[in-house]
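Trainee: There's a structure below that I have some questions on.
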Amino acid sequence: MLTLLIAVDGSEYSDRAVDYVVRRAAGSREPVAAHLLNVQLPLAGVNVKLFISPESQQAYHRDEGLAILARPRERLAQAGIACEHHIGVGDPGQVIADYARSKGCAEVVMGTHGRGFLAGTVLGSVAQKVVHLAPVPVVLVK
Amino acid sequence: MDFTSPEFWIAIGQIIVIDILLGGDNAVVIALASRRLPQAQRQQAIFWGMFGAVALRVVLIFFALQLLRVPFLKLVGGLLLLWIGVKLLLPQEEGSGHDIDASTHLVGAIKTIILADAVMSLDNVIAIAAAAKDHVGLVVFGLLVSVPIIVWGSRFVLTLMDRFPIVIVGGAALLGWIAGDMIAHDIAIKAHVAELLPGPWTWAAPVAGALLVVVIGKIVAARRPAPVVPAEPVDLARRDGE
């Protein structure tokens with residue numbers, strides 16, 4: 001069994017990463033299983049800290065995460081690929097690398113040049129950080 | 001203060017940082033309050049929530065500029081900013097924070113949002129007024145900058161704070177800085193302060209404010225028990241056995 005971690009953020013680039021896994025599974029003799037992961041950024045601002053309980057923040061992250069995971073989950077189910085989904089909170093690069101380790105995934109697959117062009121240009125990409133931190137090979141899909 | 005003075009450009013910089021820091025998560029709070037609404041109504045609630053956030057800032061700043069001329073109110077505003085600066089540095093306690101009511105009705109959600117907007121605008125407005133130092137042009141600039149940050153900025157701001165935690169410390173210090181400055185300029189105590197801190201010593205008040213916020217924030221944060229790091233990464237998808 002080949003277990004892949006697919007990190008998705010709802011962008012078309014991460015859809016392409018899912019498509020890549022579907023294609024790869026179709027051409028693979030070894031059955032492919034997937035862990036689908038969406039990482040939510042922590043809500044660090046003053047207003048959030050003052051006005052919103054951690055429970056509501058988690059409920060919010062959960063709603064947002066499930067919404068982003070819905071399409072990739074459907075796509076994988078159609079392709080007959082066994083898949084578990086996860087929603088993490090924190091620094092995306094770090095959390096993706098942690099999941100790759102704790103779930104014993106053979107590879108990380110993710111889209112790059114995703115949403116958040118401004119943030120991406122100013123701050124550098126999540127993909128870069130995952131490549132740096134993950135204990136396994138990382139496939140970047142454009 | 002005019003376009004050529006360095007103070008003017010420093011104030012511009014301060015105002016931008018304040019708007020990012022105190023307005024960036026306004027949109028998140030609005031999204032949170034409207035998340036139980038059906039899709040179409042959700043858009044409506046988010047639009048009116050953002051409209052309310054901007055409108056309340058305009059109204060509140062008008063009152064703030066008048067009120068800050070009243071003796072002791074700059075002192076009160078400065079203390080509020082000091083408290084917000086410290087709060088920014090602290091990790092959130094379990095069970096703290098009011099629960100934003102994620103109403104299932106449009107009217108209920110808008111009510112919640114407007115209430116939250118009012119409170120969230122207040123600190124932003126006081127900070128803009130303090131940094132602008134009664135310069136009306138700068139006040140207007142502060143309001144204009146806050147609009148795109150409220151509407152589009154939340155993802156960028158959250159990413160920024162995640163990648164560079166120093167932004168939070170720097171922002172807290174800045175809040176302390178302008179708080180110290182504002183307190184020293186309160187009508188009631190201005191004359192005494194000028195006597196106590198002649199010439200270049202006028203810098204002492206903002207510097208003290210900045211140091212106070214960072215030191216108190218660090219001490220209180222260090223006293224709180226460190227959050228337990230789970231062996232497994234957090235997984236919110238697993239919460240109700242889905």
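Labels used: A, B, ... for chains in the order of the structure tokens, numbers from 1 for residues in each chain, and numbers from 1 for ligands as shown.
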Hey, list the chain A side of the contact with chain B: 9 Å cut-off, only C-alpha atoms, answer as number ranges by chain.

Mentor: A: 41-63, 65-66, 85-91, 95, 98-99, 102, 116, 118-119, 122-123

Trainee: How about saving the chosen residues, C-alpha atoms kept, as a CSV table (one decimal), in the first residue's frame?

Mentor:
```csv
chain,number,residue,atom,x,y,z
A,41,LEU,CA,-3.9,29.5,9.9
A,42,PRO,CA,-4.3,30.3,13.6
A,43,LEU,CA,-6.3,33.4,14.4
A,44,ALA,CA,-3.7,35.6,16.0
A,45,GLY,CA,-5.2,39.1,16.1
A,46,VAL,CA,-6.3,41.1,19.1
A,47,ASN,CA,-10.0,41.1,18.3
A,48,VAL,CA,-10.1,37.3,17.9
A,49,LYS,CA,-8.3,36.8,21.2
A,50,LEU,CA,-10.6,39.2,23.0
A,51,PHE,CA,-14.0,38.3,21.6
A,52,ILE,CA,-13.9,34.7,20.5
A,53,SER,CA,-13.5,31.6,22.6
A,54,PRO,CA,-11.1,28.9,21.6
A,55,GLU,CA,-14.0,26.5,21.1
A,56,SER,CA,-15.7,28.9,18.5
A,57,GLN,CA,-12.3,29.3,16.8
A,58,GLN,CA,-12.0,25.6,16.5
A,59,ALA,CA,-15.6,25.3,15.2
A,60,TYR,CA,-14.7,28.0,12.6
A,61,HIS,CA,-11.5,26.2,11.5
A,62,ARG,CA,-13.5,23.0,11.3
A,63,ASP,CA,-16.2,24.5,9.1
A,65,GLY,CA,-11.5,23.1,6.6
A,66,LEU,CA,-14.4,20.7,5.8
A,85,HIS,CA,-9.3,13.7,5.9
A,86,HIS,CA,-7.7,15.9,8.5
A,87,ILE,CA,-7.8,19.5,9.5
A,88,GLY,CA,-4.8,21.0,11.2
A,89,VAL,CA,-4.2,24.4,12.7
A,90,GLY,CA,-0.8,26.2,12.8
A,91,ASP,CA,2.0,27.1,10.5
A,95,VAL,CA,1.9,21.0,10.3
A,98,ASP,CA,4.3,16.8,11.2
A,99,TYR,CA,1.4,14.9,9.5
A,102,SER,CA,2.9,10.9,12.2
A,116,GLY,CA,-2.7,34.3,-1.6
A,118,LEU,CA,0.5,38.7,-2.3
A,119,ALA,CA,1.2,36.7,0.9
A,122,VAL,CA,6.1,38.7,0.3
A,123,LEU,CA,6.5,35.8,2.6
```

Trainee: Per DSSP on the backbone, what are the strand (DSSP E or B) residues of chain A, as a VMD selection string?

Mentor: chain A and resid 2 to 7 32 to 40 82 to 89 107 to 111 138 to 141

Trainee: Give me the residues near Glu74 of chain A as a PyMOL selection string, where near means some atom within 12 Å (using only C-alpha atoms) and where sequence neighbours in that chain fewer than 5 positions away do not count.

Mentor: chain A and resi 15+18-19+22+36+66-69+79-85

Trainee: Using only C-alpha atoms, which protein or nucleic acid residues come within 8 Å of segment 169-185 of chain B? Drop anything in the same chain fewer than 4 positions from it, and give the result as a count of residues only.

Mentor: 34

Trainee: Based on the backbone DSSP call, show me all residues of chain A assigned helix (DSSP H, G or I), as a short mmCIF file (atom, residue, chain, number, x, y, z; two decimals) with N, CA, C and O atoms, in the first residue's frame.

Mentor:
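Listing of out.cif after writing:
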```cif
data_model
loop_
_atom_site.label_atom_id
_atom_site.label_comp_id
_atom_site.auth_asym_id
_atom_site.auth_seq_id
_atom_site.Cartn_x
_atom_site.Cartn_y
_atom_site.Cartn_z
N GLU A 12 -7.02 26.12 -7.21
CA GLU A 12 -7.00 25.23 -8.39
C GLU A 12 -5.70 24.43 -8.41
O GLU A 12 -5.66 23.33 -8.95
N TYR A 13 -4.65 24.99 -7.82
CA TYR A 13 -3.38 24.27 -7.81
C TYR A 13 -3.46 23.03 -6.95
O TYR A 13 -2.91 21.99 -7.28
N SER A 14 -4.20 23.15 -5.82
CA SER A 14 -4.30 21.96 -5.00
C SER A 14 -5.27 20.96 -5.62
O SER A 14 -5.12 19.76 -5.44
N ASP A 15 -6.25 21.44 -6.43
CA ASP A 15 -7.09 20.51 -7.20
C ASP A 15 -6.22 19.69 -8.15
O ASP A 15 -6.42 18.50 -8.33
N ARG A 16 -5.25 20.36 -8.75
CA ARG A 16 -4.37 19.67 -9.69
C ARG A 16 -3.52 18.63 -8.98
O ARG A 16 -3.21 17.58 -9.53
N ALA A 17 -3.15 18.92 -7.74
CA ALA A 17 -2.39 17.94 -6.96
C ALA A 17 -3.23 16.69 -6.74
O ALA A 17 -2.74 15.57 -6.83
N VAL A 18 -4.55 16.90 -6.46
CA VAL A 18 -5.46 15.76 -6.27
C VAL A 18 -5.59 14.98 -7.58
O VAL A 18 -5.51 13.74 -7.59
N ASP A 19 -5.74 15.71 -8.70
CA ASP A 19 -5.82 15.06 -10.01
C ASP A 19 -4.57 14.21 -10.27
O ASP A 19 -4.66 13.11 -10.81
N TYR A 20 -3.45 14.77 -9.90
CA TYR A 20 -2.17 14.04 -10.10
C TYR A 20 -2.19 12.72 -9.35
O TYR A 20 -1.80 11.68 -9.89
N VAL A 21 -2.69 12.74 -8.11
CA VAL A 21 -2.75 11.51 -7.31
C VAL A 21 -3.70 10.50 -7.97
O VAL A 21 -3.40 9.31 -8.04
N VAL A 22 -4.84 11.00 -8.49
CA VAL A 22 -5.80 10.11 -9.15
C VAL A 22 -5.14 9.44 -10.36
O VAL A 22 -5.25 8.23 -10.55
N ARG A 23 -4.45 10.23 -11.16
CA ARG A 23 -3.78 9.68 -12.35
C ARG A 23 -2.71 8.66 -11.95
O ARG A 23 -2.59 7.61 -12.53
N ARG A 24 -1.98 9.04 -10.92
CA ARG A 24 -0.89 8.17 -10.49
C ARG A 24 -1.43 6.85 -9.95
O ARG A 24 -0.87 5.78 -10.20
N ALA A 25 -2.56 6.93 -9.21
CA ALA A 25 -3.15 5.72 -8.66
C ALA A 25 -3.62 4.80 -9.78
O ALA A 25 -3.48 3.57 -9.70
N ALA A 26 -4.18 5.43 -10.85
CA ALA A 26 -4.69 4.63 -11.96
C ALA A 26 -3.56 3.86 -12.64
O ALA A 26 -3.75 2.74 -13.11
N VAL A 46 -5.75 40.63 17.79
CA VAL A 46 -6.27 41.06 19.09
C VAL A 46 -7.77 40.80 19.21
O VAL A 46 -8.25 40.27 20.20
N ASN A 47 -8.53 41.19 18.18
CA ASN A 47 -9.99 41.08 18.26
C ASN A 47 -10.42 39.65 18.49
O ASN A 47 -11.29 39.37 19.30
N VAL A 48 -9.78 38.75 17.76
CA VAL A 48 -10.14 37.35 17.90
C VAL A 48 -9.84 36.87 19.31
O VAL A 48 -10.64 36.20 19.94
N LYS A 49 -8.68 37.25 19.83
CA LYS A 49 -8.30 36.82 21.18
C LYS A 49 -9.27 37.37 22.22
O LYS A 49 -9.58 36.72 23.21
N LEU A 50 -9.72 38.61 22.00
CA LEU A 50 -10.58 39.25 23.00
C LEU A 50 -12.02 38.75 22.93
O LEU A 50 -12.70 38.66 23.94
N PHE A 51 -12.50 38.47 21.73
CA PHE A 51 -13.95 38.28 21.58
C PHE A 51 -14.39 36.86 21.28
O PHE A 51 -15.57 36.59 21.28
N PRO A 54 -11.81 29.87 22.34
CA PRO A 54 -11.08 28.87 21.56
C PRO A 54 -12.00 27.84 20.92
O PRO A 54 -11.75 27.37 19.81
N GLU A 55 -13.10 27.52 21.62
CA GLU A 55 -14.04 26.52 21.08
C GLU A 55 -14.65 27.04 19.77
O GLU A 55 -14.75 26.30 18.79
N SER A 56 -15.08 28.32 19.78
CA SER A 56 -15.67 28.87 18.55
C SER A 56 -14.64 28.94 17.44
O SER A 56 -14.95 28.75 16.27
N GLN A 57 -13.38 29.25 17.82
CA GLN A 57 -12.33 29.31 16.81
C GLN A 57 -12.15 27.95 16.16
O GLN A 57 -12.01 27.83 14.94
N GLN A 58 -12.18 26.90 17.00
CA GLN A 58 -12.01 25.55 16.46
C GLN A 58 -13.18 25.18 15.56
O GLN A 58 -13.00 24.58 14.50
N ALA A 59 -14.40 25.57 16.00
CA ALA A 59 -15.57 25.27 15.18
C ALA A 59 -15.45 25.97 13.83
O ALA A 59 -15.78 25.41 12.78
N TYR A 60 -14.94 27.19 13.86
CA TYR A 60 -14.74 27.96 12.63
C TYR A 60 -13.71 27.27 11.72
O TYR A 60 -13.96 27.05 10.53
N HIS A 61 -12.57 26.91 12.31
CA HIS A 61 -11.54 26.21 11.53
C HIS A 61 -12.10 24.92 10.93
O HIS A 61 -11.80 24.56 9.80
N ARG A 62 -12.92 24.22 11.72
CA ARG A 62 -13.49 22.96 11.28
C ARG A 62 -14.41 23.17 10.07
O ARG A 62 -14.31 22.48 9.06
N ASP A 63 -15.29 24.18 10.18
CA ASP A 63 -16.21 24.48 9.08
C ASP A 63 -15.43 24.83 7.81
O ASP A 63 -15.72 24.33 6.73
N GLU A 64 -14.46 25.74 7.99
CA GLU A 64 -13.68 26.19 6.83
C GLU A 64 -12.92 25.02 6.22
O GLU A 64 -12.88 24.86 5.01
N GLY A 65 -12.33 24.21 7.09
CA GLY A 65 -11.54 23.07 6.63
C GLY A 65 -12.40 22.07 5.87
O GLY A 65 -12.03 21.63 4.78
N LEU A 66 -13.55 21.73 6.45
CA LEU A 66 -14.42 20.74 5.79
C LEU A 66 -14.89 21.25 4.44
O LEU A 66 -15.00 20.49 3.48
N ALA A 67 -15.16 22.56 4.35
CA ALA A 67 -15.60 23.13 3.07
C ALA A 67 -14.50 22.98 2.02
O ALA A 67 -14.78 22.64 0.86
N ILE A 68 -13.27 23.21 2.42
CA ILE A 68 -12.16 23.10 1.47
C ILE A 68 -11.90 21.63 1.11
O ILE A 68 -11.56 21.31 -0.03
N LEU A 69 -12.12 20.74 2.07
CA LEU A 69 -11.83 19.32 1.83
C LEU A 69 -12.92 18.63 1.00
O LEU A 69 -12.68 17.57 0.42
N ALA A 70 -14.12 19.24 0.94
CA ALA A 70 -15.26 18.54 0.32
C ALA A 70 -14.97 18.09 -1.12
O ALA A 70 -15.16 16.92 -1.46
N ARG A 71 -14.48 19.01 -1.95
CA ARG A 71 -14.27 18.70 -3.36
C ARG A 71 -13.18 17.63 -3.55
O ARG A 71 -13.41 16.65 -4.26
N PRO A 72 -12.00 17.80 -2.94
CA PRO A 72 -10.99 16.76 -3.07
C PRO A 72 -11.46 15.39 -2.57
O PRO A 72 -11.15 14.37 -3.17
N ARG A 73 -12.25 15.38 -1.49
CA ARG A 73 -12.74 14.11 -0.95
C ARG A 73 -13.62 13.40 -1.97
O ARG A 73 -13.51 12.20 -2.18
N GLU A 74 -14.50 14.20 -2.59
CA GLU A 74 -15.40 13.64 -3.59
C GLU A 74 -14.62 13.07 -4.77
O GLU A 74 -14.88 11.97 -5.24
N ARG A 75 -13.64 13.84 -5.21
CA ARG A 75 -12.82 13.45 -6.35
C ARG A 75 -12.11 12.12 -6.07
O ARG A 75 -12.08 11.23 -6.92
N LEU A 76 -11.54 11.98 -4.91
CA LEU A 76 -10.82 10.76 -4.55
C LEU A 76 -11.79 9.59 -4.41
O LEU A 76 -11.49 8.46 -4.82
N ALA A 77 -12.98 9.87 -3.84
CA ALA A 77 -13.97 8.80 -3.67
C ALA A 77 -14.41 8.28 -5.04
O ALA A 77 -14.51 7.07 -5.25
N GLN A 78 -14.65 9.20 -5.99
CA GLN A 78 -15.02 8.81 -7.35
C GLN A 78 -13.97 7.90 -7.97
O GLN A 78 -14.28 6.94 -8.67
N PRO A 92 1.40 26.28 8.29
CA PRO A 92 1.11 25.21 7.33
C PRO A 92 2.30 24.29 7.03
O PRO A 92 2.16 23.07 7.06
N GLY A 93 3.46 24.88 6.76
CA GLY A 93 4.63 24.08 6.42
C GLY A 93 4.96 23.08 7.52
O GLY A 93 5.17 21.89 7.27
N GLN A 94 4.98 23.57 8.75
CA GLN A 94 5.31 22.73 9.90
C GLN A 94 4.26 21.62 10.09
O GLN A 94 4.60 20.46 10.30
N VAL A 95 2.98 22.00 10.02
CA VAL A 95 1.90 21.03 10.28
C VAL A 95 1.90 19.94 9.21
O VAL A 95 1.74 18.75 9.52
N ILE A 96 2.10 20.32 7.95
CA ILE A 96 2.13 19.32 6.87
C ILE A 96 3.28 18.33 7.11
O ILE A 96 3.10 17.12 7.01
N ALA A 97 4.44 18.85 7.49
CA ALA A 97 5.58 17.98 7.76
C ALA A 97 5.29 17.06 8.95
O ALA A 97 5.61 15.86 8.91
N ASP A 98 4.64 17.59 10.00
CA ASP A 98 4.29 16.78 11.17
C ASP A 98 3.36 15.64 10.80
O ASP A 98 3.52 14.51 11.27
N TYR A 99 2.37 15.96 9.96
CA TYR A 99 1.42 14.93 9.54
C TYR A 99 2.11 13.84 8.72
O TYR A 99 1.83 12.66 8.88
N ALA A 100 2.99 14.25 7.82
CA ALA A 100 3.70 13.28 6.99
C ALA A 100 4.43 12.28 7.89
O ALA A 100 4.43 11.08 7.64
N ARG A 101 5.00 12.79 8.97
CA ARG A 101 5.74 11.94 9.89
C ARG A 101 4.78 11.05 10.68
O ARG A 101 4.92 9.83 10.70
N SER A 102 3.75 11.67 11.30
CA SER A 102 2.92 10.91 12.24
C SER A 102 2.01 9.91 11.52
O SER A 102 1.64 8.89 12.10
N PHE A 117 -1.57 35.27 -3.53
CA PHE A 117 -0.41 35.67 -4.32
C PHE A 117 0.44 36.68 -3.56
O PHE A 117 1.66 36.54 -3.45
N LEU A 118 -0.25 37.67 -2.99
CA LEU A 118 0.47 38.74 -2.28
C LEU A 118 1.27 38.15 -1.13
O LEU A 118 2.48 38.34 -1.02
N ALA A 119 0.57 37.36 -0.29
CA ALA A 119 1.22 36.75 0.85
C ALA A 119 2.36 35.85 0.39
O ALA A 119 3.45 35.85 0.97
N GLY A 120 2.11 35.10 -0.71
CA GLY A 120 3.12 34.19 -1.22
C GLY A 120 4.38 34.91 -1.66
O GLY A 120 5.49 34.49 -1.36
N THR A 121 4.19 36.02 -2.35
CA THR A 121 5.34 36.75 -2.87
C THR A 121 6.13 37.40 -1.75
O THR A 121 7.35 37.37 -1.73
N VAL A 122 5.40 37.99 -0.81
CA VAL A 122 6.08 38.71 0.26
C VAL A 122 6.74 37.73 1.23
O VAL A 122 7.83 37.97 1.73
N LEU A 123 6.07 36.63 1.49
CA LEU A 123 6.49 35.80 2.62
C LEU A 123 7.15 34.48 2.23
O LEU A 123 7.57 33.72 3.08
N VAL A 126 4.71 28.09 1.15
CA VAL A 126 4.55 26.98 2.08
C VAL A 126 5.33 25.78 1.57
O VAL A 126 5.99 25.07 2.34
N ALA A 127 5.28 25.60 0.22
CA ALA A 127 5.94 24.44 -0.39
C ALA A 127 7.42 24.39 -0.01
O ALA A 127 7.95 23.33 0.34
N GLN A 128 8.04 25.55 -0.04
CA GLN A 128 9.46 25.63 0.29
C GLN A 128 9.73 25.09 1.69
O GLN A 128 10.67 24.34 1.93
N LYS A 129 8.86 25.47 2.61
CA LYS A 129 9.04 25.07 4.00
C LYS A 129 8.81 23.56 4.17
O LYS A 129 9.51 22.90 4.93
N VAL A 130 7.81 23.05 3.43
CA VAL A 130 7.53 21.60 3.52
C VAL A 130 8.72 20.82 3.00
O VAL A 130 9.15 19.84 3.61
N VAL A 131 9.27 21.25 1.86
CA VAL A 131 10.44 20.56 1.30
C VAL A 131 11.55 20.54 2.33
O VAL A 131 12.24 19.53 2.52
N HIS A 132 11.68 21.65 3.04
CA HIS A 132 12.75 21.77 4.04
C HIS A 132 12.52 20.85 5.24
O HIS A 132 13.43 20.22 5.75
N LEU A 133 11.26 20.73 5.70
CA LEU A 133 10.98 20.06 6.98
C LEU A 133 10.52 18.61 6.86
O LEU A 133 10.70 17.82 7.78
#
```

Trainee: In Å to one decimal, how far is atom CA of Pro200 of chain B from atom CA of Val125 of chain B?

Mentor: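 Between atom CA of Val125 of chain B and atom CA of Pro200 of chain B the gap works out to 28.5 Å.
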
Trainee: Between atom CA of Arg223 of chain B and atom CA of Leu80 of chain B, what is the distance, to one decimal in Å?

Mentor: 22.3 Å

Trainee: How many Å lie between atom CA of Ala188 of chain B and atom CA of Ile16 of chain B, rounded to one decimal?

Mentor: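 Interatomic distance here is 29.1 Å.
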
Trainee: Find, counting only C-alpha atoms, the residue in B:Ala118, B:Val215, B:Val136, B:Thr112 that gets nearest to Arg57 of chain B.

Mentor: B:Ala118
